[in-house]
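**Student:** Next up is a structure, given as structure tokens.
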Amino acid sequence: MLEIKDLHVAVGGKEILKGLTLTVNAGEVHAIMGPNGSGKSTLSYVLAGRAGYEVTDGSITYNGEDLNALAPEARAAKGVFLAMQYPVEIPGVTTMTFLKTALNAQRRARGESDLDALNVLKRVREKAGTLKVSEEMLRRALNVGFSGGEKKRLEILQMALFEPKLAILDETDSGLDIDALKLVAEGVNTLRAPDRAMLVITHYQRLLNYIVPDRVHVLSAGRIIRKGGKELAHELEAKGYEQIVKDAA
Amino acid sequence: MAAVETREKVAALGQKYKYGFVTDIEMERAPKGLNEDTVRYISAKKNEPEWMLEWRLSAFRRWLEMREPTWARVHYPKIDYQDSYYYAAPKNAPLKQSLDEVDPKLLETYNKLGIPLSEQMLLAGVAVDAVFDSVSVATTFKEKLSEAGVIFCPISEAIRDYPDMVRKYLGTVVPVTDNFFATLNSAVFSDGTFVYVPKGVRCPMELSTYFRINASETGQFERTLIIADEGSYVSYLEGCTAPKRDENQLHAAVVELVALEGAEIKYSTVQNWYPGDEEGRGGIFNFVTKRGDCRGDRSKISWTQVETGSAITWKYPSCILRGDDTVGEFYSIAIANHFQQADTGTKMIHLGKNTRSRIVSKGISAGKAQNTYRGLVSVHPKAEGARNYTQCDSLLIGGECGAHTVPYIESRNPSARVEHEATTSKIADDQLFYCLQRGIPQEEAVALIVNGFCKEVLQQLPMEFAVEAQKLVGISLEGSVG
């Protein structure tokens with residue numbers, strides 16, 4: 001589904017990713033782990049198509065298509081979803097309005113018809129229960145005054161609503177206490193599906209106790225330096241990044 | 001008709017201004033230029049009584065001695081007042097008793113504007129007094145209103161049918177000598193709307209007037225007078241659009257509101273005059289004087305405006321809080337894109353005891369536009385216990401536009417409390433990216449974010465128009481993010 005080959009990415013003229021290669025198949029969950037500054041967030045932004053993240057070399061192929069040639073909103077319509085580390089606030093726009101606008105924009109881009117407010121609400125409610133997203137939350141302005149946990153739950157709710165093919169979770173565990181973490185992980189696990197790939201980006205192994213990955217990759221200084229199964233995460237936890245980086249060198 | 005269609009197609013292809021079509025109807029005009037004869041011509045066309053002509057002439061003579069104001073933060077080429085027509089009316093258009101008598105081309109125009117001048121309006125509970133250039137051609141739902149005793153008619157008709165009422169109130173809120181543009185209007189106003197709501201009556205429907213400038217090189221000078229008698233209530237909405245032309249057109253309206261004891265007037269404007277093109281060519285010069293007088297105790301006047309059009313907007317809907325315990329409100333959204341210039345705000349004049357005013361202004365600037373909020377809160381010595389709250393928020397889109405806030409506060413009563421809050425912000429990159437990532441295209445994202453920014457004001461609009469205004473916010477910002 002996703003094939004990244006020798007990817008080089010520069011931000012503000014500075015190279016952050018320096019030859020990253022990664023293949024993710026449908027139905028698989030891959031974890032990308034790495035210390036601060038290793039390029040984890042850059043990878044998630046470049047996949048989502050954020051302006052200012054320039055691909056200088058290499059390629060990203062998504063379902064046989066050159067992902068880098070697509071505008072960010074076109075990627076979203078084609079099933080690329082990024083659950084953000086810091087979901088932004090949009091004052092005055094209710095969460096429900098935002099969900100409806102986004103869902104219909106994606107549908108329109110795919111040549112599907114708009115859903116009316118009632119239909120969207122029905123779909124949102126179906127997903128909201130398990131994630132403990134209250135009706136009251138849906139009426140508030142998007143992410144304004146939300147707690148860290150509420151913001152992350154809303155990200156997962158959107159993931160459930162948009163039914164992406166490739167879901168990227170950027171530091172979804174940051175700022176969550178253990179109960180919130182479990183709730184979010186549970187939400188993610190129910191979305192695991194044979195036709196869906198997930199890229200879980202995290203600094204800590206903690207999240208991977210709840211979302212168990214098929215493959216683990218260690219990112220350091222813009223390159224993947226180790227690959228392995230889920231046990232690699234435990235090794236990392238035990239040894240620390242410094243040792244793993246040294247071992248790989 | 002073929003020509004009209006072609007022009008429409010070209011307009012649709014090349015430009016974004018949805019209302020930039022011209023209706024091909026034969027017009028009757030006053031000779032070009034402005035002198036006493038022009039004033040007499042207009043007055044004669046309207047079959048006005050002698051007192052009205054004298055009123056106009058005294059305004060005209062006064063105007064000759066006045067100078068155009070220069071204090072606003074707007075720049076425009078000098079207006080040649082002799083190079084314009086001051087009266088234009090569709091030929092063969094005396095007053096119509098029903099819609100069937102109206103030229104179908106006119107109705108087509110209204111349909112394009114999205115004004116359903118038909119049964120739909122009844123369902124929506126809206127009465128429309130449609131002003132096409134200078135003559136009112138169709139007035140709907142007059143009967144239902146007259147059952148309630150509400151008078152809702154063209155002001156030219158009111159001058160003939162209700163002269164005592166017009167003489168009693170006309171020019172008492174905006175005096176003939178008030179300012180350059182208001183004085184000009186007093187001399188040459190060609191039509192407008194008159195509303196009277198009797199004592200204790202709650203007007204049974206929203207009143208609405210759509211003004212439209214159609215003829216080229218014609219200034220439009222409408223005059224609106226609304227009187228809410230003791231304990232009455234009325235909500236009035238005006239919507240404005242104009243076709244696109246390369247030359248600038250002058251629009252200098254005067255609106256006067258009078259609220260007697262315990263009365264409430266809610267006045268909403270959605271202004272979408274042609275703003276000029278992306279290069280700053282053409283567009284309406286909108287120099288408007290709007291003022292409400294809370295003449296009786298416990299009366300209330302509320303202005304809500306959504307200003308998205310015009311090349312230049314110079315407009316300060318104000319409240320004179322004359323009675324005790326009166327309330328004045330001003331809710332404003334002003335959007336300026338490309339080369340538009342907006343200098344708009346309000347004046348709240350606290351004269352009576354325990355008078356309260358509230359100002360919420362949302363200014364959005366994009367492209368190379370300049371957007372100024374200019375406001376005055378004045379508390380006079382006798383205004384014991386006066387209160388004002390002002391909130392001015394500016395939103396900038398891109399790096400070449402400007403937002404300016406010029407609040408004047410004068411308090412001559414130590415018991416008064418005046419609060420002013422102001423913020424300036426930009427649409428953040430991360431907000432835009434978040435929307436894009438969720439599949440919302442850029443222009444839709446900008447519209448969404450801006451609508452959120454304006455929400456407090458949009459909520460003040462009557463429901464039927466809030467949706468339209470939201471769409472307008474999106475349309476007027478098209479092309480603002482590169």
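For the structure tokens, the naming scheme is as follows: chains receive sequential letters (A, B, ...) according to their order of presentation, residues are indexed from 1 within each chain, and ligands are indexed from 1 in presentation order.
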Please report as JSON lines every residue of chain B lying within 8 Å of chain A, along with the nearest atom pair and their distance in Å (one decimal), using only C-alpha atoms.
**Tutor:**
```
{"residue": "B:Asp430", "atom": "CA", "partner": "A:Val88", "partner_atom": "CA", "distance": 6.8}
{"residue": "B:Gln431", "atom": "CA", "partner": "A:Val88", "partner_atom": "CA", "distance": 6.0}
{"residue": "B:Phe433", "atom": "CA", "partner": "A:Arg50", "partner_atom": "CA", "distance": 6.5}
{"residue": "B:Tyr434", "atom": "CA", "partner": "A:Val88", "partner_atom": "CA", "distance": 6.9}
{"residue": "B:Cys435", "atom": "CA", "partner": "A:Ala102", "partner_atom": "CA", "distance": 7.5}
{"residue": "B:Leu436", "atom": "CA", "partner": "A:Glu73", "partner_atom": "CA", "distance": 4.8}
{"residue": "B:Gln437", "atom": "CA", "partner": "A:Glu73", "partner_atom": "CA", "distance": 5.6}
{"residue": "B:Arg438", "atom": "CA", "partner": "A:Ala102", "partner_atom": "CA", "distance": 5.7}
{"residue": "B:Gly439", "atom": "CA", "partner": "A:Glu73", "partner_atom": "CA", "distance": 4.1}
{"residue": "B:Ile440", "atom": "CA", "partner": "A:Ala102", "partner_atom": "CA", "distance": 5.4}
{"residue": "B:Pro441", "atom": "CA", "partner": "A:Glu73", "partner_atom": "CA", "distance": 5.9}
{"residue": "B:Leu448", "atom": "CA", "partner": "A:Val93", "partner_atom": "CA", "distance": 7.2}
{"residue": "B:Ile449", "atom": "CA", "partner": "A:Ile90", "partner_atom": "CA", "distance": 6.6}
{"residue": "B:Asn451", "atom": "CA", "partner": "A:Gly92", "partner_atom": "CA", "distance": 7.4}
{"residue": "B:Gly452", "atom": "CA", "partner": "A:Gly92", "partner_atom": "CA", "distance": 3.7}
{"residue": "B:Phe453", "atom": "CA", "partner": "A:Gly92", "partner_atom": "CA", "distance": 5.7}
{"residue": "B:Cys454", "atom": "CA", "partner": "A:Gly92", "partner_atom": "CA", "distance": 7.5}
{"residue": "B:Lys455", "atom": "CA", "partner": "A:Gly92", "partner_atom": "CA", "distance": 5.8}
```
**Student:** Only C-alpha atoms, please: the residues just picked out, written as a PDB file, in the first residue's frame.
**Tutor:**
```pdb
ATOM      1  CA  ASP B 430      -1.440  24.883  11.318  1.00  0.00           C
ATOM      2  CA  GLN B 431      -5.181  25.679  11.227  1.00  0.00           C
ATOM      3  CA  PHE B 433      -3.073  22.422   7.328  1.00  0.00           C
ATOM      4  CA  TYR B 434      -5.395  20.721   9.791  1.00  0.00           C
ATOM      5  CA  CYS B 435      -8.388  21.475   7.546  1.00  0.00           C
ATOM      6  CA  LEU B 436      -6.550  20.390   4.394  1.00  0.00           C
ATOM      7  CA  GLN B 437      -5.497  17.136   6.027  1.00  0.00           C
ATOM      8  CA  ARG B 438      -9.127  16.415   6.802  1.00  0.00           C
ATOM      9  CA  GLY B 439      -9.955  16.888   3.123  1.00  0.00           C
ATOM     10  CA  ILE B 440     -11.265  20.457   3.217  1.00  0.00           C
ATOM     11  CA  PRO B 441      -9.916  22.436   0.229  1.00  0.00           C
ATOM     12  CA  LEU B 448     -14.889  27.915   7.580  1.00  0.00           C
ATOM     13  CA  ILE B 449     -12.281  29.564   9.784  1.00  0.00           C
ATOM     14  CA  ASN B 451     -17.127  32.100   9.635  1.00  0.00           C
ATOM     15  CA  GLY B 452     -16.009  30.784  13.007  1.00  0.00           C
ATOM     16  CA  PHE B 453     -14.265  34.087  13.680  1.00  0.00           C
ATOM     17  CA  CYS B 454     -17.476  35.981  12.812  1.00  0.00           C
ATOM     18  CA  LYS B 455     -19.877  33.682  14.602  1.00  0.00           C
TER      19      LYS B 455
END
```
**Student:** Could you give me the residues within region 351-479 of chain B that DSSP places in strand (DSSP E or B), as a VMD selection string?
**Tutor:** chain B and resid 356 to 365 370 to 379 387 to 396 402 to 411 417 to 426
**Student:** Tell me which of A:Val55, A:Leu161, A:Leu115, A:Leu67 sits closest to Leu2 (chain A), counting only C-alpha atoms.
**Tutor:** A:Leu67
**Student:** So which residues of region 249-478 of chain B fall under helix (DSSP H, G or I) by DSSP, listed as a ChimeraX atom specification?
**Tutor:** /B:429-437,442-453,455-458,463-476
**Student:** Quick one: residues within 6 Å of region 395-406 of chain B, only C-alpha atoms, excluding same-chain residues fewer than 2 positions away - as a ChimeraX atom specification?
**Tutor:** /B:364-374,424-426
**Student:** Take the residues that were just selected and, keeping C-alpha atoms, output them as a short mmCIF file (atom, residue, chain, number, x, y, z; two decimals), in the first residue's frame.
**Tutor:**
```cif
data_model
loop_
_atom_site.label_atom_id
_atom_site.label_comp_id
_atom_site.auth_asym_id
_atom_site.auth_seq_id
_atom_site.Cartn_x
_atom_site.Cartn_y
_atom_site.Cartn_z
CA ILE B 364 -11.23 40.60 7.99
CA SER B 365 -8.55 41.81 5.60
CA ALA B 366 -7.08 39.88 2.70
CA GLY B 367 -5.16 40.63 -0.49
CA LYS B 368 -4.01 44.25 -0.51
CA ALA B 369 -7.06 45.53 1.33
CA GLN B 370 -7.21 48.01 4.17
CA ASN B 371 -9.79 47.60 6.89
CA THR B 372 -10.35 50.20 9.58
CA TYR B 373 -12.64 50.10 12.57
CA ARG B 374 -13.46 53.65 13.63
CA THR B 424 -5.54 41.04 15.91
CA SER B 425 -4.81 37.56 14.62
CA LYS B 426 -3.86 35.71 11.47
#
```
**Student:** Quick one, how far is CA of Leu183 (chain A) from CA of Tyr204 (chain A)?
**Tutor:**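 Interatomic distance, CA of Leu183 (chain A) to CA of Tyr204 (chain A): 17.3 Å.
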**Student:** Just want the 7 Å neighbourhood of Leu237 (chain B), counted on only C-alpha atoms, with same-chain residues fewer than 3 positions away dropped. Output as a list in words.
**Tutor:**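 Selected residues are Leu207, Ser208, Thr209, Tyr267, Ser268 and Thr269 of chain B.
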**Student:** Enter the distance from CA of Ile475 (chain B) to CA of Met205 (chain B), in Å, rounded to one decimal.
**Tutor:**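 Interatomic distance, CA of Ile475 (chain B) to CA of Met205 (chain B): 28.6 Å.
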**Student:** With only C-alpha atoms as the counted atoms, please give the residues lying no more than 12 Å from Lys382 (chain B), apart from itself and same-chain residues fewer than 4 positions off, as an NGL selection string.
**Tutor:** :B and (321-324 or 349-355 or 378 or 386 or 411-416)
**Student:** Next, write the just-selected residues to a file, as a PDB file, in the first residue's frame, keeping C-alpha atoms as the atom set.
**Tutor:**
```pdb
ATOM      1  CA  LEU B 321     -29.161  56.911  23.384  1.00  0.00           C
ATOM      2  CA  ARG B 322     -31.359  59.833  24.280  1.00  0.00           C
ATOM      3  CA  GLY B 323     -33.960  58.210  26.518  1.00  0.00           C
ATOM      4  CA  ASP B 324     -33.158  56.754  29.938  1.00  0.00           C
ATOM      5  CA  ILE B 349     -23.852  58.666  22.040  1.00  0.00           C
ATOM      6  CA  HIS B 350     -24.932  58.210  25.658  1.00  0.00           C
ATOM      7  CA  LEU B 351     -27.227  61.073  26.654  1.00  0.00           C
ATOM      8  CA  GLY B 352     -29.746  59.424  29.008  1.00  0.00           C
ATOM      9  CA  LYS B 353     -29.303  57.756  32.390  1.00  0.00           C
ATOM     10  CA  ASN B 354     -28.377  54.075  32.599  1.00  0.00           C
ATOM     11  CA  THR B 355     -27.909  53.819  28.881  1.00  0.00           C
ATOM     12  CA  SER B 378     -19.353  59.334  23.984  1.00  0.00           C
ATOM     13  CA  ALA B 386     -23.826  54.601  31.330  1.00  0.00           C
ATOM     14  CA  SER B 411     -16.558  60.234  29.038  1.00  0.00           C
ATOM     15  CA  ARG B 412     -17.911  63.263  30.855  1.00  0.00           C
ATOM     16  CA  ASN B 413     -19.631  61.352  33.614  1.00  0.00           C
ATOM     17  CA  PRO B 414     -17.535  59.743  36.362  1.00  0.00           C
ATOM     18  CA  SER B 415     -20.075  56.965  36.968  1.00  0.00           C
ATOM     19  CA  ALA B 416     -19.755  55.654  33.418  1.00  0.00           C
TER      20      ALA B 416
END
```
**Student:** So what do you get for CA of Lys18 (chain A) versus CA of Ala249 (chain A), distance-wise?
**Tutor:**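 So the two atoms, CA of Lys18 (chain A) and CA of Ala249 (chain A), lie 15.5 Å apart.
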**Student:** Considering only C-alpha atoms, return as a ChimeraX atom specification whatever protein or nucleic-acid residues lie within 9 Å of region 122-126 of chain A, sequence-local ones (same chain, fewer than 2 positions apart) excluded.
**Tutor:** /A:96,99,117-120,128-130,133-135,157-158,160-161
**Student:** Write the selection just made, keeping C-alpha atoms, as an mmCIF file, in the first residue's frame?
**Tutor:**
```cif
data_model
loop_
_atom_site.group_PDB
_atom_site.id
_atom_site.type_symbol
_atom_site.label_atom_id
_atom_site.label_comp_id
_atom_site.auth_asym_id
_atom_site.auth_seq_id
_atom_site.Cartn_x
_atom_site.Cartn_y
_atom_site.Cartn_z
ATOM 1 C CA MET A 96 -19.983 18.821 14.523
ATOM 2 C CA LEU A 99 -16.841 16.901 10.969
ATOM 3 C CA ALA A 117 -26.632 16.934 8.870
ATOM 4 C CA LEU A 118 -28.867 14.197 10.257
ATOM 5 C CA ASN A 119 -26.994 11.462 8.435
ATOM 6 C CA VAL A 120 -23.617 12.778 9.543
ATOM 7 C CA ALA A 128 -18.692 8.505 19.551
ATOM 8 C CA GLY A 129 -19.976 6.133 22.229
ATOM 9 C CA THR A 130 -16.962 3.847 22.546
ATOM 10 C CA VAL A 133 -17.012 11.687 22.973
ATOM 11 C CA SER A 134 -20.078 13.400 24.417
ATOM 12 C CA GLU A 135 -22.791 15.303 22.542
ATOM 13 C CA LEU A 157 -13.213 9.627 16.267
ATOM 14 C CA GLN A 158 -12.350 11.384 13.002
ATOM 15 C CA ALA A 160 -13.254 6.149 12.597
ATOM 16 C CA LEU A 161 -15.577 8.503 10.725
#
```
**Student:** What's the 8 Å shell around Gly375 (chain B), counting only C-alpha atoms, without same-chain residues fewer than 4 positions away, as a PyMOL selection string?
**Tutor:** chain B and resi 316+344-347+406-408
**Student:** Save the residues we just selected, N, CA and C atoms, as a PDB file, in the first residue's frame?
**Tutor:**
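So selection_39.pdb came out as:
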```pdb
ATOM      1  N   TYR B 316     -20.929  54.336   9.281  1.00  0.00           N
ATOM      2  CA  TYR B 316     -20.868  54.290  10.745  1.00  0.00           C
ATOM      3  C   TYR B 316     -22.274  54.284  11.349  1.00  0.00           C
ATOM      4  N   THR B 344     -15.127  51.612   8.650  1.00  0.00           N
ATOM      5  CA  THR B 344     -16.480  51.468   9.186  1.00  0.00           C
ATOM      6  C   THR B 344     -16.446  51.240  10.689  1.00  0.00           C
ATOM      7  N   GLY B 345     -17.543  51.557  11.321  1.00  0.00           N
ATOM      8  CA  GLY B 345     -17.628  51.436  12.766  1.00  0.00           C
ATOM      9  C   GLY B 345     -18.941  52.018  13.234  1.00  0.00           C
ATOM     10  N   THR B 346     -18.935  52.615  14.391  1.00  0.00           N
ATOM     11  CA  THR B 346     -20.197  53.114  14.939  1.00  0.00           C
ATOM     12  C   THR B 346     -19.946  54.277  15.894  1.00  0.00           C
ATOM     13  N   LYS B 347     -21.027  54.969  16.206  1.00  0.00           N
ATOM     14  CA  LYS B 347     -20.965  55.962  17.279  1.00  0.00           C
ATOM     15  C   LYS B 347     -22.068  55.630  18.271  1.00  0.00           C
ATOM     16  N   VAL B 406      -9.423  52.314  15.411  1.00  0.00           N
ATOM     17  CA  VAL B 406      -9.353  53.698  15.886  1.00  0.00           C
ATOM     18  C   VAL B 406     -10.541  53.967  16.804  1.00  0.00           C
ATOM     19  N   PRO B 407     -10.419  53.625  18.071  1.00  0.00           N
ATOM     20  CA  PRO B 407     -11.527  53.871  18.979  1.00  0.00           C
ATOM     21  C   PRO B 407     -11.389  55.230  19.676  1.00  0.00           C
ATOM     22  N   TYR B 408     -12.438  56.019  19.610  1.00  0.00           N
ATOM     23  CA  TYR B 408     -12.452  57.272  20.369  1.00  0.00           C
ATOM     24  C   TYR B 408     -13.386  57.072  21.563  1.00  0.00           C
TER      25      TYR B 408
END
```
